[in-house]
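Colleague: Before I ask anything, here is the structure I am working with.
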Amino acid sequence: MKKDALIIVRGGGDLATGTIHRLCSAGLRVLVLETTQPAAIRRQVALCEAVYEGEATVEGLRAVRIEALEQAQSVWAQGAVPVLVDPEGACIARAKPEVVVDAILAKRNLGTRRDMAPLTIALGPGFGRIIREGSAIPNTGIPGIIGGYGAERVIHAQAAGVFMNGRKIGDFVEKGETIATIRTPEGADIPVTAQIPGILRGLLRSGYPVTPGFKIADIDPRREELSNCFLISDKSRCIAGSVLELVCAQVWQ
């Protein structure tokens, strides 16, 4: 095994957190890079919340925001994972990671290059299939089906403005119920309503600026699945398993 191998994960949203959790559970050193304003809606299972709160814990794994790369060592010594605001990945060349994982899941490449590390991995939709050549399938824009619902369970902003939530993650909501508002630049409050009944599994942080079409909430129609709001998803764990497989092949030689 390569001693002190470093894995840098770009992004700390819910899917990224599944990978971060798996890598840390395997005893690997992980550094998370984030933006100044992460936009995760499944905030209860997203370590990027440490950017706002200073710390965040998901399924026993604690993340701590740091202000400089030099502070990472003290966080690792606590058994936690450091989170550094560095959306451009400026620290990567200096940190010399063995692996870089692009877990931003943007619609386009935000600067990750193959030469950033001996092994570079990018996460995408699906259930853990490893693609070594070519590209993933195009984005369909259609959410996965849960409880018979697809597009209806995901809510997007109708207008530009500042998002203000009126409910919280884990709340039971009914179809047509107002769960939040968007304060437009003109001062109007546009209600955001649930399209289906169920549990608010994801909800954007209050005060976040949104544009039309911005993803702001996620409803799980399965009312018996409340605990899922606070647990890493099966899909995230599956993707994480594939990442660990590739990382092990790289660093455990």
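Simple scheme: letters A, B, ... for chains in structure tokens order, numbers from 1 for residues in each chain, numbers from 1 for ligands in the order shown.
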May I have a table of the residues of range 157-179 of chain A lying at most 8 Å from range 200-206 of chain A, giving each one's closest pair of atoms and their distance in Å to one decimal, counting only C-alpha atoms, ordered by chain and ascending residue number, as CSV?
Modeller:
```
residue,atom,partner,partner_atom,distance
A:Val162,CA,A:Ser206,CA,7.9
A:Phe163,CA,A:Ser206,CA,5.7
A:Met164,CA,A:Ser206,CA,4.5
A:Asn165,CA,A:Ser206,CA,5.4
A:Lys168,CA,A:Leu203,CA,7.0
A:Ile169,CA,A:Leu200,CA,5.1
A:Gly170,CA,A:Leu200,CA,5.2
A:Asp171,CA,A:Leu200,CA,5.5
A:Phe172,CA,A:Leu200,CA,6.4
A:Val173,CA,A:Leu200,CA,7.0
```
Colleague: As a compact mmCIF listing (two decimals) with C-alpha atoms, in the first residue's frame, please: the residues near Gly13 in chain A (cut-off 7 Å, only C-alpha atoms, same-chain neighbours under 4 positions excluded).
Modeller:
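Okay, out.txt is ready:
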```txt
# COMPACT_ATOMS: atom_id res chain seq x y z
CA THR A 17 -20.79 11.98 0.47
CA ALA A 40 -27.18 20.39 -2.07
CA ALA A 46 -24.29 16.06 2.44
CA LEU A 47 -20.94 16.81 4.04
CA CYS A 48 -20.76 20.07 2.06
```
Colleague: Measuring between only C-alpha atoms, which one of A:Gly176, A:Ile8, A:Asn109, A:Val51 shows the shortest distance to Ala93 in chain A?
Modeller: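 The shortest atom-to-atom distance to Ala93 in chain A comes from A:Ile8.
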Colleague: Write out as number ranges by chain which residues come within 12 Å of range 94-100 of chain A when counting only C-alpha atoms, dropping same-chain ones fewer than 4 positions away.
Modeller: A: 1-11, 20, 23, 28-33, 68-70, 72-73, 89-90, 104, 111-123, 243-244, 246-252
Colleague: Restricting it to C-alpha atoms, dump the selection as a PDB file, in the first residue's frame.
Modeller:
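File produced: selection_8.pdb:
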```pdb
ATOM      1  CA  MET A   1       0.000   0.000   0.000  1.00  0.00           C
ATOM      2  CA  LYS A   2       1.211   3.499  -0.776  1.00  0.00           C
ATOM      3  CA  LYS A   3       1.609   5.094   2.617  1.00  0.00           C
ATOM      4  CA  ASP A   4      -0.329   8.292   3.212  1.00  0.00           C
ATOM      5  CA  ALA A   5      -2.034   8.151  -0.186  1.00  0.00           C
ATOM      6  CA  LEU A   6      -4.318  11.153  -0.574  1.00  0.00           C
ATOM      7  CA  ILE A   7      -7.673  11.133  -2.350  1.00  0.00           C
ATOM      8  CA  ILE A   8      -9.161  14.506  -3.245  1.00  0.00           C
ATOM      9  CA  VAL A   9     -12.913  14.592  -3.856  1.00  0.00           C
ATOM     10  CA  ARG A  10     -14.251  17.607  -5.704  1.00  0.00           C
ATOM     11  CA  GLY A  11     -17.746  18.120  -4.310  1.00  0.00           C
ATOM     12  CA  ILE A  20     -16.319  10.064   0.821  1.00  0.00           C
ATOM     13  CA  LEU A  23     -13.230   5.827   1.278  1.00  0.00           C
ATOM     14  CA  LEU A  28      -8.013   6.297   3.327  1.00  0.00           C
ATOM     15  CA  ARG A  29      -7.153   9.983   3.656  1.00  0.00           C
ATOM     16  CA  VAL A  30      -9.711  12.156   1.927  1.00  0.00           C
ATOM     17  CA  LEU A  31      -9.755  15.907   1.316  1.00  0.00           C
ATOM     18  CA  VAL A  32     -12.993  17.463   0.050  1.00  0.00           C
ATOM     19  CA  LEU A  33     -12.997  20.569  -2.141  1.00  0.00           C
ATOM     20  CA  ALA A  68      -5.935  26.368   4.278  1.00  0.00           C
ATOM     21  CA  LEU A  69      -4.491  23.091   3.012  1.00  0.00           C
ATOM     22  CA  GLU A  70      -2.009  23.053   5.905  1.00  0.00           C
ATOM     23  CA  ALA A  72      -5.935  19.222   6.832  1.00  0.00           C
ATOM     24  CA  GLN A  73      -3.464  17.160   8.845  1.00  0.00           C
ATOM     25  CA  GLY A  89      -9.031  22.968  -7.454  1.00  0.00           C
ATOM     26  CA  ALA A  90      -6.092  25.319  -7.067  1.00  0.00           C
ATOM     27  CA  ILE A 104     -19.519  17.669  -8.671  1.00  0.00           C
ATOM     28  CA  GLY A 111     -12.046  21.979 -14.757  1.00  0.00           C
ATOM     29  CA  THR A 112     -11.138  18.408 -13.827  1.00  0.00           C
ATOM     30  CA  ARG A 113      -8.320  17.005 -15.997  1.00  0.00           C
ATOM     31  CA  ARG A 114      -6.820  13.546 -16.284  1.00  0.00           C
ATOM     32  CA  ASP A 115      -3.368  14.877 -15.430  1.00  0.00           C
ATOM     33  CA  MET A 116      -4.452  16.131 -11.990  1.00  0.00           C
ATOM     34  CA  ALA A 117      -3.481  12.787 -10.442  1.00  0.00           C
ATOM     35  CA  PRO A 118      -2.227   9.316 -11.409  1.00  0.00           C
ATOM     36  CA  LEU A 119      -5.886   8.244 -11.298  1.00  0.00           C
ATOM     37  CA  THR A 120      -8.816  10.553 -12.082  1.00  0.00           C
ATOM     38  CA  ILE A 121     -12.426   9.406 -11.616  1.00  0.00           C
ATOM     39  CA  ALA A 122     -15.651  11.219 -12.459  1.00  0.00           C
ATOM     40  CA  LEU A 123     -19.009  10.273 -10.952  1.00  0.00           C
ATOM     41  CA  VAL A 243     -14.934   4.198  -6.736  1.00  0.00           C
ATOM     42  CA  LEU A 244     -13.361   2.205  -3.899  1.00  0.00           C
ATOM     43  CA  LEU A 246     -10.681   1.687  -8.590  1.00  0.00           C
ATOM     44  CA  VAL A 247      -8.926   3.457  -5.718  1.00  0.00           C
ATOM     45  CA  CYS A 248      -7.817   0.163  -4.143  1.00  0.00           C
ATOM     46  CA  ALA A 249      -6.328  -0.973  -7.446  1.00  0.00           C
ATOM     47  CA  GLN A 250      -4.373   2.277  -7.572  1.00  0.00           C
ATOM     48  CA  VAL A 251      -3.099   2.712  -4.007  1.00  0.00           C
ATOM     49  CA  TRP A 252      -2.961  -0.842  -2.595  1.00  0.00           C
TER      50      TRP A 252
END
```
Colleague: Considering only strand (DSSP E) as DSSP defines it on the backbone, what residues of range 24-238 of chain A qualify? List them as number ranges by chain.
Modeller: A: 29-34, 55-58, 61-66, 81-85, 99-102, 119-122, 154-156, 161-165, 172-173, 178-183, 189-193, 198-203, 208-210, 215-220
Colleague: Take the selection from the previous step and output its residues with C-alpha atoms, as a CSV table (one decimal), in the first residue's frame.
Modeller:
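File produced: again-v9.csv:
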```
chain,number,residue,atom,x,y,z
A,29,ARG,CA,-7.2,10.0,3.7
A,30,VAL,CA,-9.7,12.2,1.9
A,31,LEU,CA,-9.8,15.9,1.3
A,32,VAL,CA,-13.0,17.5,0.0
A,33,LEU,CA,-13.0,20.6,-2.1
A,34,GLU,CA,-16.2,22.7,-2.3
A,55,GLU,CA,-18.9,21.0,10.8
A,56,ALA,CA,-21.3,18.4,9.5
A,57,THR,CA,-21.7,14.7,10.4
A,58,VAL,CA,-23.3,12.0,8.2
A,61,LEU,CA,-18.4,10.6,9.7
A,62,ARG,CA,-17.5,14.2,10.7
A,63,ALA,CA,-16.5,16.8,8.2
A,64,VAL,CA,-14.7,20.0,9.3
A,65,ARG,CA,-14.2,23.1,7.3
A,66,ILE,CA,-10.6,24.3,7.0
A,81,VAL,CA,-12.5,14.7,6.9
A,82,PRO,CA,-11.4,18.2,6.0
A,83,VAL,CA,-13.5,20.4,3.7
A,84,LEU,CA,-11.7,23.2,1.9
A,85,VAL,CA,-13.4,25.9,-0.2
A,99,VAL,CA,-6.5,10.0,-6.8
A,100,VAL,CA,-8.8,12.9,-7.8
A,101,VAL,CA,-12.6,12.1,-7.8
A,102,ASP,CA,-14.8,14.6,-9.6
A,119,LEU,CA,-5.9,8.2,-11.3
A,120,THR,CA,-8.8,10.6,-12.1
A,121,ILE,CA,-12.4,9.4,-11.6
A,122,ALA,CA,-15.7,11.2,-12.5
A,154,VAL,CA,-38.5,16.8,-7.9
A,155,ILE,CA,-39.4,20.5,-7.7
A,156,HIS,CA,-37.6,23.3,-9.6
A,161,GLY,CA,-35.0,35.1,-6.8
A,162,VAL,CA,-34.0,34.1,-3.2
A,163,PHE,CA,-35.3,30.8,-2.0
A,164,MET,CA,-36.9,30.7,1.5
A,165,ASN,CA,-38.0,27.4,2.8
A,172,PHE,CA,-44.8,15.2,5.7
A,173,VAL,CA,-46.4,17.3,3.1
A,178,THR,CA,-46.8,25.4,0.1
A,179,ILE,CA,-43.4,24.3,1.2
A,180,ALA,CA,-41.3,27.4,0.4
A,181,THR,CA,-41.4,30.8,-1.4
A,182,ILE,CA,-39.1,32.5,-3.9
A,183,ARG,CA,-38.7,36.3,-3.3
A,189,ASP,CA,-43.2,36.1,-3.0
A,190,ILE,CA,-43.9,33.2,-5.3
A,191,PRO,CA,-45.2,30.0,-3.5
A,192,VAL,CA,-43.4,26.7,-4.1
A,193,THR,CA,-45.9,23.9,-3.8
A,198,GLY,CA,-44.9,12.4,0.8
A,199,ILE,CA,-41.8,13.2,2.8
A,200,LEU,CA,-39.6,16.2,2.1
A,201,ARG,CA,-36.4,14.3,1.5
A,202,GLY,CA,-34.5,17.3,0.1
A,203,LEU,CA,-34.9,21.0,0.5
A,208,TYR,CA,-29.9,30.6,-1.6
A,209,PRO,CA,-30.2,32.6,-4.9
A,210,VAL,CA,-32.0,30.6,-7.6
A,215,LYS,CA,-33.5,22.2,-8.4
A,216,ILE,CA,-34.9,23.2,-5.0
A,217,ALA,CA,-36.7,20.2,-3.4
A,218,ASP,CA,-37.3,16.5,-3.5
A,219,ILE,CA,-40.3,14.6,-2.2
A,220,ASP,CA,-40.3,10.8,-1.4
```
Colleague: Per DSSP on the backbone, filter range 10-40 of chain A down to the residues in alpha helix (DSSP H) and report them as a list in words.
Modeller: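 Residues of range 10-40 of chain A classed as alpha helix (DSSP H): Asp14, Leu15, Ala16, Thr17, Gly18, Thr19, Ile20, His21, Arg22, Leu23, Cys24 and Ser25 of chain A.
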Colleague: Could you write those residues out with N, CA, C and O atoms, as a short mmCIF file (atom, residue, chain, number, x, y, z; two decimals), in the first residue's frame?
Modeller:
```cif
data_model
loop_
_atom_site.label_atom_id
_atom_site.label_comp_id
_atom_site.auth_asym_id
_atom_site.auth_seq_id
_atom_site.Cartn_x
_atom_site.Cartn_y
_atom_site.Cartn_z
N ASP A 14 -24.77 14.93 -1.80
CA ASP A 14 -25.20 13.65 -1.25
C ASP A 14 -24.55 12.46 -1.95
O ASP A 14 -24.13 11.50 -1.28
N LEU A 15 -24.42 12.48 -3.28
CA LEU A 15 -23.77 11.37 -3.96
C LEU A 15 -22.27 11.35 -3.64
O LEU A 15 -21.69 10.29 -3.42
N ALA A 16 -21.67 12.52 -3.62
CA ALA A 16 -20.26 12.61 -3.25
C ALA A 16 -20.02 12.09 -1.84
O ALA A 16 -19.04 11.39 -1.56
N THR A 17 -20.94 12.40 -0.94
CA THR A 17 -20.79 11.98 0.47
C THR A 17 -20.77 10.47 0.60
O THR A 17 -20.04 9.92 1.44
N GLY A 18 -21.54 9.77 -0.21
CA GLY A 18 -21.49 8.31 -0.19
C GLY A 18 -20.09 7.80 -0.49
O GLY A 18 -19.58 6.88 0.17
N THR A 19 -19.45 8.40 -1.48
CA THR A 19 -18.09 8.00 -1.85
C THR A 19 -17.09 8.39 -0.76
O THR A 19 -16.21 7.61 -0.39
N ILE A 20 -17.22 9.60 -0.24
CA ILE A 20 -16.32 10.06 0.82
C ILE A 20 -16.41 9.14 2.03
O ILE A 20 -15.40 8.74 2.62
N HIS A 21 -17.65 8.80 2.41
CA HIS A 21 -17.87 7.93 3.57
C HIS A 21 -17.22 6.57 3.35
O HIS A 21 -16.56 6.03 4.25
N ARG A 22 -17.38 5.99 2.15
CA ARG A 22 -16.80 4.67 1.87
C ARG A 22 -15.28 4.71 1.89
O ARG A 22 -14.64 3.81 2.45
N LEU A 23 -14.69 5.72 1.30
CA LEU A 23 -13.23 5.83 1.28
C LEU A 23 -12.66 6.01 2.68
O LEU A 23 -11.66 5.38 3.05
N CYS A 24 -13.30 6.85 3.48
CA CYS A 24 -12.83 7.06 4.85
C CYS A 24 -13.01 5.80 5.68
O CYS A 24 -12.16 5.47 6.53
N SER A 25 -14.09 5.06 5.45
CA SER A 25 -14.32 3.81 6.18
C SER A 25 -13.25 2.77 5.87
O SER A 25 -12.98 1.88 6.67
#
```
Colleague: One decimal, Å: what's the distance from CA of Glu152 in chain A over to CA of Glu174 in chain A, could you say?
Modeller: 12.9 Å
Colleague: For Thr35 in chain A, list every protein, DNA or RNA residue within 6 Å, evaluated using only C-alpha atoms, and leave out those in the same chain fewer than 2 positions away; present the list as number ranges by chain.
Modeller: A: 37-38, 85, 87
Colleague: Rounded to one decimal, what separation in Å do you get between CA of Ala39 in chain A and CA of Ala160 in chain A?
Modeller: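 Value for the CA of Ala39 in chain A-CA of Ala160 in chain A distance: 15.1 Å.
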Colleague: Counting only C-alpha atoms, which of A:Gly166, A:Pro212, A:Gly60, A:Gly207 gets nearest to Ile232 in chain A?
Modeller: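 Ranked by minimum distance to Ile232 in chain A, first place goes to A:Gly60.
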Colleague: Under the rule that only C-alpha atoms are counted, which of A:Ala188, A:Ala194, A:Ala26, A:Leu231 is the nearest residue to Arg167 in chain A?
Modeller: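 Answer, going by the shortest atom-to-atom distance: A:Ala194.
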Colleague: From the set A:Gly187, A:Gly124, A:Ile92, A:Ile239, which residue has the shortest atom-to-atom contact distance to Leu105 in chain A, counting only C-alpha atoms?
Modeller: A:Gly124
